[in-house]
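*Asks:* What follows is query24.txt; its format and atoms are compact mmCIF, N, CA and C atoms.
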```txt
# COMPACT_ATOMS: atom_id res chain seq x y z
N MET A 100 0.85 -1.17 0.00
CA MET A 100 0.00 0.00 0.00
C MET A 100 0.89 1.23 0.00
N ASN A 101 0.55 2.21 -0.86
CA ASN A 101 1.43 3.37 -0.95
C ASN A 101 1.17 4.37 0.18
N ASP A 102 2.14 5.29 0.37
CA ASP A 102 2.06 6.24 1.47
C ASP A 102 0.86 7.17 1.38
N GLU A 103 0.49 7.59 0.18
CA GLU A 103 -0.65 8.49 0.04
C GLU A 103 -1.93 7.79 0.48
N THR A 104 -2.08 6.53 0.14
CA THR A 104 -3.24 5.76 0.57
C THR A 104 -3.30 5.70 2.10
N LEU A 105 -2.16 5.41 2.71
CA LEU A 105 -2.11 5.33 4.17
C LEU A 105 -2.46 6.67 4.82
N ASP A 106 -2.03 7.77 4.20
CA ASP A 106 -2.39 9.10 4.72
C ASP A 106 -3.90 9.32 4.67
N TRP A 107 -4.53 8.97 3.53
CA TRP A 107 -5.99 9.11 3.42
C TRP A 107 -6.69 8.29 4.49
N ILE A 108 -6.22 7.07 4.72
CA ILE A 108 -6.83 6.19 5.72
C ILE A 108 -6.65 6.76 7.12
N ARG A 109 -5.47 7.28 7.41
CA ARG A 109 -5.22 7.86 8.73
C ARG A 109 -6.16 9.04 8.99
N TYR A 110 -6.28 9.93 8.00
CA TYR A 110 -7.17 11.08 8.15
C TYR A 110 -8.64 10.64 8.27
N ALA A 111 -9.02 9.63 7.50
CA ALA A 111 -10.39 9.12 7.56
C ALA A 111 -10.69 8.56 8.95
N ARG A 112 -9.76 7.81 9.50
CA ARG A 112 -9.96 7.25 10.83
C ARG A 112 -10.09 8.35 11.88
N GLU A 113 -9.30 9.42 11.73
CA GLU A 113 -9.41 10.54 12.67
C GLU A 113 -10.79 11.19 12.57
N ASN A 114 -11.28 11.41 11.34
CA ASN A 114 -12.62 11.97 11.18
C ASN A 114 -13.68 11.05 11.77
N HIS A 115 -13.51 9.75 11.60
CA HIS A 115 -14.46 8.78 12.14
C HIS A 115 -14.49 8.87 13.67
N GLN A 116 -13.32 8.89 14.27
CA GLN A 116 -13.24 9.01 15.73
C GLN A 116 -13.85 10.33 16.20
N ALA A 117 -13.55 11.41 15.47
CA ALA A 117 -14.10 12.73 15.83
C ALA A 117 -15.63 12.72 15.75
N ALA A 118 -16.17 12.07 14.73
CA ALA A 118 -17.64 11.99 14.59
C ALA A 118 -18.26 11.32 15.80
N LYS A 119 -17.65 10.24 16.27
CA LYS A 119 -18.17 9.54 17.44
C LYS A 119 -18.13 10.44 18.67
N LEU A 120 -17.03 11.15 18.85
CA LEU A 120 -16.91 12.06 19.99
C LEU A 120 -17.92 13.20 19.91
N MET A 121 -18.11 13.73 18.72
CA MET A 121 -19.07 14.82 18.56
C MET A 121 -20.48 14.37 18.91
N LEU A 122 -20.85 13.18 18.50
CA LEU A 122 -22.17 12.65 18.85
C LEU A 122 -22.29 12.50 20.37
N ASP A 123 -21.24 11.96 20.99
CA ASP A 123 -21.24 11.78 22.44
C ASP A 123 -21.45 13.10 23.18
N HIS A 124 -21.01 14.21 22.56
CA HIS A 124 -21.11 15.53 23.20
C HIS A 124 -22.27 16.36 22.65
N GLY A 125 -23.13 15.74 21.85
CA GLY A 125 -24.32 16.42 21.35
C GLY A 125 -24.07 17.45 20.26
N LEU A 126 -22.94 17.36 19.61
CA LEU A 126 -22.59 18.30 18.54
C LEU A 126 -22.91 17.67 17.19
N MET A 127 -24.18 17.77 16.81
CA MET A 127 -24.71 17.04 15.66
C MET A 127 -24.10 17.50 14.32
N ASN A 128 -24.02 18.80 14.09
CA ASN A 128 -23.46 19.27 12.82
C ASN A 128 -22.02 18.80 12.65
N LEU A 129 -21.24 18.88 13.73
CA LEU A 129 -19.85 18.43 13.65
C LEU A 129 -19.76 16.92 13.47
N CYS A 130 -20.68 16.19 14.07
CA CYS A 130 -20.73 14.75 13.86
C CYS A 130 -20.97 14.46 12.38
N LEU A 131 -21.98 15.10 11.81
CA LEU A 131 -22.31 14.87 10.40
C LEU A 131 -21.17 15.28 9.48
N GLN A 132 -20.56 16.42 9.76
CA GLN A 132 -19.44 16.88 8.94
C GLN A 132 -18.31 15.86 8.96
N ASN A 133 -18.01 15.33 10.13
CA ASN A 133 -16.93 14.35 10.22
C ASN A 133 -17.31 13.01 9.61
N CYS A 134 -18.59 12.65 9.65
CA CYS A 134 -19.03 11.43 8.96
C CYS A 134 -18.82 11.56 7.46
N GLN A 135 -19.24 12.69 6.91
CA GLN A 135 -19.08 12.92 5.47
C GLN A 135 -17.60 12.90 5.10
N GLN A 136 -16.79 13.58 5.90
CA GLN A 136 -15.35 13.65 5.62
C GLN A 136 -14.68 12.28 5.74
N ALA A 137 -15.05 11.52 6.75
CA ALA A 137 -14.47 10.18 6.92
C ALA A 137 -14.80 9.30 5.73
N THR A 138 -16.06 9.32 5.31
CA THR A 138 -16.48 8.52 4.16
C THR A 138 -15.72 8.96 2.91
N GLU A 139 -15.66 10.25 2.68
CA GLU A 139 -14.95 10.78 1.52
C GLU A 139 -13.49 10.34 1.52
N LYS A 140 -12.83 10.41 2.66
CA LYS A 140 -11.41 10.08 2.73
C LYS A 140 -11.17 8.58 2.61
N PHE A 141 -12.05 7.75 3.18
CA PHE A 141 -11.90 6.31 2.97
C PHE A 141 -12.03 5.98 1.48
N LEU A 142 -12.99 6.61 0.81
CA LEU A 142 -13.17 6.36 -0.63
C LEU A 142 -11.97 6.87 -1.43
N LYS A 143 -11.44 8.02 -1.06
CA LYS A 143 -10.28 8.56 -1.77
C LYS A 143 -9.06 7.66 -1.58
N ALA A 144 -8.94 7.03 -0.43
CA ALA A 144 -7.85 6.07 -0.22
C ALA A 144 -7.95 4.94 -1.23
N LEU A 145 -9.14 4.45 -1.44
CA LEU A 145 -9.36 3.36 -2.40
C LEU A 145 -9.12 3.84 -3.82
N VAL A 146 -9.55 5.04 -4.15
CA VAL A 146 -9.32 5.61 -5.48
C VAL A 146 -7.81 5.71 -5.74
N VAL A 147 -7.08 6.28 -4.80
CA VAL A 147 -5.63 6.47 -4.95
C VAL A 147 -4.92 5.13 -5.08
N GLU A 148 -5.23 4.20 -4.21
CA GLU A 148 -4.56 2.90 -4.22
C GLU A 148 -4.86 2.12 -5.49
N SER A 149 -6.03 2.36 -6.07
CA SER A 149 -6.43 1.64 -7.28
C SER A 149 -5.88 2.27 -8.55
N GLY A 150 -5.19 3.40 -8.41
CA GLY A 150 -4.61 4.05 -9.57
C GLY A 150 -5.59 4.85 -10.40
N ILE A 151 -6.77 5.10 -9.86
CA ILE A 151 -7.76 5.92 -10.55
C ILE A 151 -7.34 7.38 -10.37
N PRO A 152 -7.35 8.16 -11.44
CA PRO A 152 -6.98 9.58 -11.29
C PRO A 152 -7.93 10.28 -10.30
N LEU A 153 -7.37 10.93 -9.31
CA LEU A 153 -8.16 11.61 -8.29
C LEU A 153 -8.32 13.07 -8.67
N HIS A 154 -9.54 13.43 -8.98
CA HIS A 154 -9.87 14.81 -9.29
C HIS A 154 -10.53 15.43 -8.07
N ARG A 155 -10.45 16.73 -7.95
CA ARG A 155 -11.01 17.41 -6.79
C ARG A 155 -12.53 17.26 -6.75
N THR A 156 -13.01 16.64 -5.70
CA THR A 156 -14.45 16.50 -5.48
C THR A 156 -14.70 16.20 -4.01
N HIS A 157 -15.88 16.58 -3.54
CA HIS A 157 -16.34 16.18 -2.22
C HIS A 157 -17.56 15.28 -2.35
N SER A 158 -17.91 14.93 -3.57
CA SER A 158 -19.11 14.15 -3.83
C SER A 158 -18.87 12.66 -3.59
N ILE A 159 -19.61 12.13 -2.64
CA ILE A 159 -19.54 10.69 -2.36
C ILE A 159 -20.04 9.92 -3.59
N ARG A 160 -21.11 10.41 -4.20
CA ARG A 160 -21.66 9.77 -5.39
C ARG A 160 -20.60 9.69 -6.50
N GLN A 161 -19.87 10.76 -6.71
CA GLN A 161 -18.84 10.78 -7.76
C GLN A 161 -17.72 9.78 -7.46
N LEU A 162 -17.28 9.75 -6.22
CA LEU A 162 -16.22 8.81 -5.84
C LEU A 162 -16.68 7.36 -6.01
N VAL A 163 -17.90 7.06 -5.60
CA VAL A 163 -18.44 5.70 -5.76
C VAL A 163 -18.54 5.36 -7.25
N ALA A 164 -18.93 6.33 -8.07
CA ALA A 164 -19.04 6.10 -9.52
C ALA A 164 -17.67 5.78 -10.12
N TRP A 165 -16.65 6.53 -9.73
CA TRP A 165 -15.30 6.26 -10.24
C TRP A 165 -14.86 4.85 -9.87
N LEU A 166 -15.13 4.46 -8.63
CA LEU A 166 -14.75 3.12 -8.17
C LEU A 166 -15.54 2.05 -8.91
N SER A 167 -16.81 2.30 -9.11
CA SER A 167 -17.66 1.35 -9.82
C SER A 167 -17.18 1.11 -11.25
N LYS A 168 -16.74 2.18 -11.92
CA LYS A 168 -16.21 2.04 -13.28
C LYS A 168 -14.97 1.15 -13.32
N SER A 169 -14.27 1.08 -12.20
CA SER A 169 -13.09 0.21 -12.10
C SER A 169 -13.43 -1.12 -11.44
N HIS A 170 -14.73 -1.41 -11.36
CA HIS A 170 -15.22 -2.68 -10.82
C HIS A 170 -14.84 -2.88 -9.35
N LEU A 171 -14.83 -1.78 -8.60
CA LEU A 171 -14.57 -1.84 -7.16
C LEU A 171 -15.86 -1.48 -6.44
N ALA A 172 -16.41 -2.44 -5.72
CA ALA A 172 -17.70 -2.24 -5.06
C ALA A 172 -17.50 -1.70 -3.65
N VAL A 173 -18.32 -0.71 -3.32
CA VAL A 173 -18.36 -0.15 -1.97
C VAL A 173 -19.79 -0.27 -1.49
N ASP A 174 -19.96 -0.60 -0.24
CA ASP A 174 -21.28 -0.87 0.32
C ASP A 174 -22.03 0.43 0.64
N LEU A 175 -22.31 1.22 -0.39
CA LEU A 175 -23.10 2.44 -0.26
C LEU A 175 -24.12 2.47 -1.40
N SER A 176 -25.38 2.62 -1.04
CA SER A 176 -26.44 2.70 -2.05
C SER A 176 -26.51 4.13 -2.59
N GLU A 177 -27.32 4.30 -3.63
CA GLU A 177 -27.54 5.65 -4.16
C GLU A 177 -28.15 6.54 -3.09
N GLU A 178 -29.07 5.99 -2.31
CA GLU A 178 -29.70 6.75 -1.22
C GLU A 178 -28.65 7.16 -0.18
N ASP A 179 -27.73 6.25 0.14
CA ASP A 179 -26.66 6.58 1.09
C ASP A 179 -25.80 7.73 0.56
N CYS A 180 -25.45 7.65 -0.71
CA CYS A 180 -24.64 8.70 -1.34
C CYS A 180 -25.38 10.04 -1.31
N ASP A 181 -26.67 10.00 -1.62
CA ASP A 181 -27.48 11.21 -1.59
C ASP A 181 -27.49 11.83 -0.20
N LEU A 182 -27.66 11.00 0.82
CA LEU A 182 -27.67 11.51 2.19
C LEU A 182 -26.34 12.17 2.53
N LEU A 183 -25.25 11.48 2.29
CA LEU A 183 -23.94 12.04 2.64
C LEU A 183 -23.62 13.29 1.83
N ASP A 184 -23.99 13.29 0.55
CA ASP A 184 -23.77 14.48 -0.26
C ASP A 184 -24.65 15.65 0.20
N SER A 185 -25.85 15.34 0.69
CA SER A 185 -26.77 16.41 1.09
C SER A 185 -26.35 17.08 2.39
N ILE A 186 -25.55 16.42 3.20
CA ILE A 186 -25.14 17.03 4.47
C ILE A 186 -23.81 17.76 4.38
N TYR A 187 -23.13 17.68 3.23
CA TYR A 187 -21.80 18.30 3.14
C TYR A 187 -21.83 19.78 3.49
N LEU A 188 -22.56 20.59 2.76
CA LEU A 188 -22.60 22.04 3.04
C LEU A 188 -23.42 22.39 4.27
N PRO A 189 -24.62 21.82 4.44
CA PRO A 189 -25.40 22.21 5.62
C PRO A 189 -24.71 21.89 6.95
N SER A 190 -23.82 20.93 6.97
CA SER A 190 -23.14 20.61 8.22
C SER A 190 -22.00 21.59 8.49
N LYS A 191 -21.60 22.32 7.46
CA LYS A 191 -20.49 23.27 7.62
C LYS A 191 -20.95 24.72 7.74
N TYR A 192 -22.02 25.06 7.03
CA TYR A 192 -22.46 26.44 6.94
C TYR A 192 -23.97 26.52 7.13
N PRO A 193 -24.47 27.62 7.68
CA PRO A 193 -25.92 27.75 7.86
C PRO A 193 -26.63 28.18 6.58
N LEU A 194 -26.54 27.32 5.56
CA LEU A 194 -27.18 27.59 4.27
C LEU A 194 -28.36 26.67 4.07
N GLY A 195 -29.07 26.86 2.97
CA GLY A 195 -30.15 25.94 2.60
C GLY A 195 -29.58 24.56 2.36
N SER A 196 -30.44 23.57 2.37
CA SER A 196 -30.00 22.19 2.26
C SER A 196 -30.76 21.46 1.17
N ALA A 197 -30.18 20.37 0.72
CA ALA A 197 -30.88 19.49 -0.22
C ALA A 197 -32.04 18.80 0.51
N ILE A 198 -31.96 18.75 1.82
CA ILE A 198 -33.03 18.19 2.63
C ILE A 198 -33.75 19.37 3.27
N PRO A 199 -34.93 19.76 2.76
CA PRO A 199 -35.64 20.91 3.33
C PRO A 199 -35.94 20.73 4.82
N GLN A 200 -35.82 21.80 5.56
CA GLN A 200 -36.09 21.80 6.99
C GLN A 200 -35.24 20.77 7.75
N PHE A 201 -34.07 20.51 7.24
CA PHE A 201 -33.19 19.50 7.84
C PHE A 201 -32.70 19.97 9.21
N GLU A 202 -32.94 19.19 10.21
CA GLU A 202 -32.46 19.42 11.55
C GLU A 202 -31.72 18.17 11.99
N PRO A 203 -30.40 18.24 12.15
CA PRO A 203 -29.67 17.03 12.55
C PRO A 203 -30.08 16.58 13.95
N ASP A 204 -30.17 15.28 14.11
CA ASP A 204 -30.47 14.70 15.41
C ASP A 204 -29.64 13.44 15.59
N LYS A 205 -29.78 12.81 16.74
CA LYS A 205 -28.98 11.62 17.04
C LYS A 205 -29.25 10.49 16.06
N ALA A 206 -30.49 10.34 15.63
CA ALA A 206 -30.83 9.24 14.72
C ALA A 206 -30.09 9.39 13.39
N ILE A 207 -30.08 10.59 12.81
CA ILE A 207 -29.40 10.78 11.52
C ILE A 207 -27.89 10.65 11.71
N CYS A 208 -27.38 11.10 12.86
CA CYS A 208 -25.95 10.96 13.14
C CYS A 208 -25.56 9.48 13.25
N ARG A 209 -26.39 8.70 13.94
CA ARG A 209 -26.10 7.27 14.06
C ARG A 209 -26.15 6.58 12.69
N ARG A 210 -27.11 6.99 11.88
CA ARG A 210 -27.21 6.43 10.53
C ARG A 210 -25.94 6.74 9.73
N CYS A 211 -25.48 7.98 9.82
CA CYS A 211 -24.28 8.36 9.07
C CYS A 211 -23.04 7.67 9.62
N LEU A 212 -22.96 7.49 10.93
CA LEU A 212 -21.84 6.74 11.51
C LEU A 212 -21.84 5.30 11.01
N ALA A 213 -23.01 4.71 10.85
CA ALA A 213 -23.10 3.36 10.30
C ALA A 213 -22.62 3.33 8.86
N LEU A 214 -22.89 4.38 8.10
CA LEU A 214 -22.41 4.46 6.71
C LEU A 214 -20.89 4.56 6.67
N VAL A 215 -20.31 5.31 7.59
CA VAL A 215 -18.84 5.39 7.68
C VAL A 215 -18.28 4.00 7.95
N GLU A 216 -18.87 3.32 8.89
CA GLU A 216 -18.40 1.98 9.26
C GLU A 216 -18.48 1.02 8.07
N ARG A 217 -19.59 1.05 7.34
CA ARG A 217 -19.74 0.19 6.16
C ARG A 217 -18.71 0.54 5.10
N THR A 218 -18.47 1.82 4.91
CA THR A 218 -17.48 2.25 3.92
C THR A 218 -16.09 1.78 4.35
N LYS A 219 -15.78 1.97 5.62
CA LYS A 219 -14.48 1.54 6.14
C LYS A 219 -14.27 0.05 5.92
N MET A 220 -15.31 -0.73 6.18
CA MET A 220 -15.20 -2.19 6.00
C MET A 220 -15.04 -2.55 4.52
N SER A 221 -15.73 -1.85 3.64
CA SER A 221 -15.58 -2.10 2.21
C SER A 221 -14.15 -1.81 1.77
N VAL A 222 -13.62 -0.70 2.22
CA VAL A 222 -12.25 -0.32 1.86
C VAL A 222 -11.26 -1.32 2.47
N ARG A 223 -11.49 -1.68 3.71
CA ARG A 223 -10.63 -2.67 4.36
C ARG A 223 -10.61 -3.98 3.59
N ASP A 224 -11.78 -4.43 3.14
CA ASP A 224 -11.87 -5.69 2.41
C ASP A 224 -11.14 -5.61 1.07
N VAL A 225 -11.29 -4.51 0.37
CA VAL A 225 -10.63 -4.37 -0.94
C VAL A 225 -9.12 -4.25 -0.77
N LEU A 226 -8.68 -3.47 0.21
CA LEU A 226 -7.25 -3.23 0.39
C LEU A 226 -6.57 -4.26 1.27
N GLY A 227 -7.35 -5.09 1.96
CA GLY A 227 -6.76 -6.09 2.84
C GLY A 227 -6.09 -5.48 4.05
N LEU A 228 -6.73 -4.48 4.67
CA LEU A 228 -6.16 -3.85 5.85
C LEU A 228 -6.11 -4.84 6.99
N PRO A 229 -5.10 -4.74 7.84
CA PRO A 229 -4.94 -5.72 8.92
C PRO A 229 -5.97 -5.56 10.02
N LEU A 230 -6.28 -6.67 10.63
CA LEU A 230 -7.15 -6.71 11.80
C LEU A 230 -6.30 -7.08 13.00
N ASP A 231 -6.74 -6.70 14.20
CA ASP A 231 -6.01 -7.14 15.38
C ASP A 231 -6.41 -8.57 15.72
N ASN A 232 -5.86 -9.11 16.80
CA ASN A 232 -6.09 -10.52 17.11
C ASN A 232 -7.51 -10.84 17.57
N THR A 233 -8.38 -9.83 17.76
CA THR A 233 -9.75 -10.09 18.13
C THR A 233 -10.64 -10.17 16.89
N GLY A 234 -10.06 -9.91 15.72
CA GLY A 234 -10.84 -9.90 14.49
C GLY A 234 -11.48 -8.57 14.21
N ARG A 235 -11.14 -7.57 15.01
CA ARG A 235 -11.72 -6.24 14.81
C ARG A 235 -10.71 -5.32 14.13
N ASP A 236 -11.25 -4.31 13.49
CA ASP A 236 -10.41 -3.30 12.87
C ASP A 236 -9.61 -2.62 13.99
N LYS A 237 -8.39 -2.24 13.67
CA LYS A 237 -7.50 -1.67 14.68
C LYS A 237 -7.99 -0.37 15.27
N ASP A 238 -8.90 0.33 14.61
CA ASP A 238 -9.41 1.55 15.24
C ASP A 238 -10.78 1.26 15.68
```
Turn this file's structure into structure tokens for me.
*Replies:*
Amino acid sequence: MNDETLDWIRYARENHQAAKLMLDHGLMNLCLQNCQQATEKFLKALVVESGIPLHRTHSIRQLVAWLSKSHLAVDLSEEDCDLLDSIYLPSKYPLGSAIPQFEPDKAICRRCLALVERTKMSVRDVLGLPLDNTGRDKD
């Protein structure tokens, strides 16, 4: 695995951990922002490692499409991609959203954390990331 891939994975894991902490402290927007960022970075790790040209994007849908064209499956549905893409700007700035009247709550944060976990596992499976002796991911 190349160094750039490992950097993307390290940053993704940090965002994932931050999302969990933010939820624990009731900071929903920050939880969602970190979920989106973790998912994006896990996907970018897979794009980079697979030799797919990485163009500037924050779109989960676009990253999944690039991977799909290279026959790399990630466990995210179109609906999952839409959700993660819809929270990118609203979680960062007080602007309008793709989801009208969107108010983040614990349920949506837990759903997005589950999407991060599924993405992480998909990337782990494709890249063969190591597990510890309990069979769990090291983070």
*Asks:* What is the atom N of Ala213 (chain A) to atom N of Val146 (chain A) distance in Å?
*Replies:*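 Spanning atom N of Ala213 (chain A) to atom N of Val146 (chain A) is a straight-line distance of 20.2 Å.
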*Asks:* Measure the distance from atom C of Met121 (chain A) to atom N of Arg160 (chain A) in Å and round it to one decimal.
*Replies:*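 It comes out at 23.5 Å.
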*Asks:* DSSP on the backbone, helix (DSSP H, G or I) only: what residues of chain A does that give? Format it as number ranges by chain.
*Replies:* A: 102-123, 127-148, 159-168, 177-186, 205-226
*Asks:* Can you work out the spacing between CA of His115 (chain A) and CA of Cys130 (chain A) in Å, to one decimal?
*Replies:*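 A separation of 8.8 Å between them.
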*Asks:* Please provide as a ChimeraX atom specification all residues within 6.5 Å of region 201-207 of chain A, with the sequence filter that same-chain residues fewer than 3 positions apart are discarded (counting all atoms listed in the file).
*Replies:* /A:127-128,198,210-212
*Asks:* Hey, which of A:Leu183, A:Leu171, A:Leu126, A:Leu105 ends up closest to Ile159 (chain A)? Count all atoms listed in the file.
*Replies:*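 The shortest atom-to-atom distance to Ile159 (chain A) comes from A:Leu183.
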*Asks:* So that I can check the surroundings of Arg112 (chain A), please list as JSON, numbers by chain every protein, DNA and RNA residue that reaches within 7 Å of it, counting all atoms listed in the file and ignoring chain neighbours fewer than 4 positions away.
*Replies:* {"A": [107, 108, 116, 117, 137, 141]}
*Asks:* Restricted to N, CA and C atoms, what would the selected residues look like written as a PDB file, keeping the file's coordinate frame?
*Replies:*
```pdb
ATOM      1  N   TRP A 107      -4.530   8.970   3.530  1.00  0.00           N
ATOM      2  CA  TRP A 107      -5.990   9.110   3.420  1.00  0.00           C
ATOM      3  C   TRP A 107      -6.690   8.290   4.490  1.00  0.00           C
ATOM      4  N   ILE A 108      -6.220   7.070   4.720  1.00  0.00           N
ATOM      5  CA  ILE A 108      -6.830   6.190   5.720  1.00  0.00           C
ATOM      6  C   ILE A 108      -6.650   6.760   7.120  1.00  0.00           C
ATOM      7  N   GLN A 116     -13.320   8.890  14.270  1.00  0.00           N
ATOM      8  CA  GLN A 116     -13.240   9.010  15.730  1.00  0.00           C
ATOM      9  C   GLN A 116     -13.850  10.330  16.200  1.00  0.00           C
ATOM     10  N   ALA A 117     -13.550  11.410  15.470  1.00  0.00           N
ATOM     11  CA  ALA A 117     -14.100  12.730  15.830  1.00  0.00           C
ATOM     12  C   ALA A 117     -15.630  12.720  15.750  1.00  0.00           C
ATOM     13  N   ALA A 137     -15.050  11.520   6.750  1.00  0.00           N
ATOM     14  CA  ALA A 137     -14.470  10.180   6.920  1.00  0.00           C
ATOM     15  C   ALA A 137     -14.800   9.300   5.730  1.00  0.00           C
ATOM     16  N   PHE A 141     -12.050   7.750   3.180  1.00  0.00           N
ATOM     17  CA  PHE A 141     -11.900   6.310   2.970  1.00  0.00           C
ATOM     18  C   PHE A 141     -12.030   5.980   1.480  1.00  0.00           C
TER      19      PHE A 141
END
```
*Asks:* For each of A:Lys140, A:His170, A:Leu122, A:Gly150, take the minimum atom-to-atom distance to Asp106 (chain A), counting only N, CA and C atoms, then give the residue where this is smallest.
*Replies:*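 For Asp106 (chain A), the nearest of the candidates is A:Lys140.
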*Asks:* Which residues are close to Val222 (chain A), i.e. within 7 Å by all atoms listed in the file, leaving aside same-chain residues fewer than 5 positions away? Reply as a PyMOL selection string.
*Replies:* chain A and resi 141+145+173-174+217+227-228
*Asks:* Edge lengths and centre, in Å to one decimal, as JSON: that's what I need for the box along x, y and z that holds all listed atoms of region 132-139 of chain A plus 4 Å on each side.
*Replies:*
```
{"center_x": -17.0, "center_y": 12.7, "center_z": 5.9, "size_x": 15.1, "size_y": 16.4, "size_z": 16.7}
```
*Asks:* Looking at only C-alpha atoms, which of A:Ala144, A:Val215, A:Leu129, A:Leu162 is the one that sits closest to Arg109 (chain A)?
*Replies:*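 Of A:Ala144, A:Val215, A:Leu129, A:Leu162, the one nearest Arg109 (chain A) is A:Ala144, counting only C-alpha atoms.
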*Asks:* Counting all atoms listed in the file, which residue out of A:Gln161, A:Glu113, A:Ala172, A:Met100 sits closest to Ser221 (chain A)?
*Replies:*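 That would be A:Ala172, the residue with the smallest distance to Ser221 (chain A).
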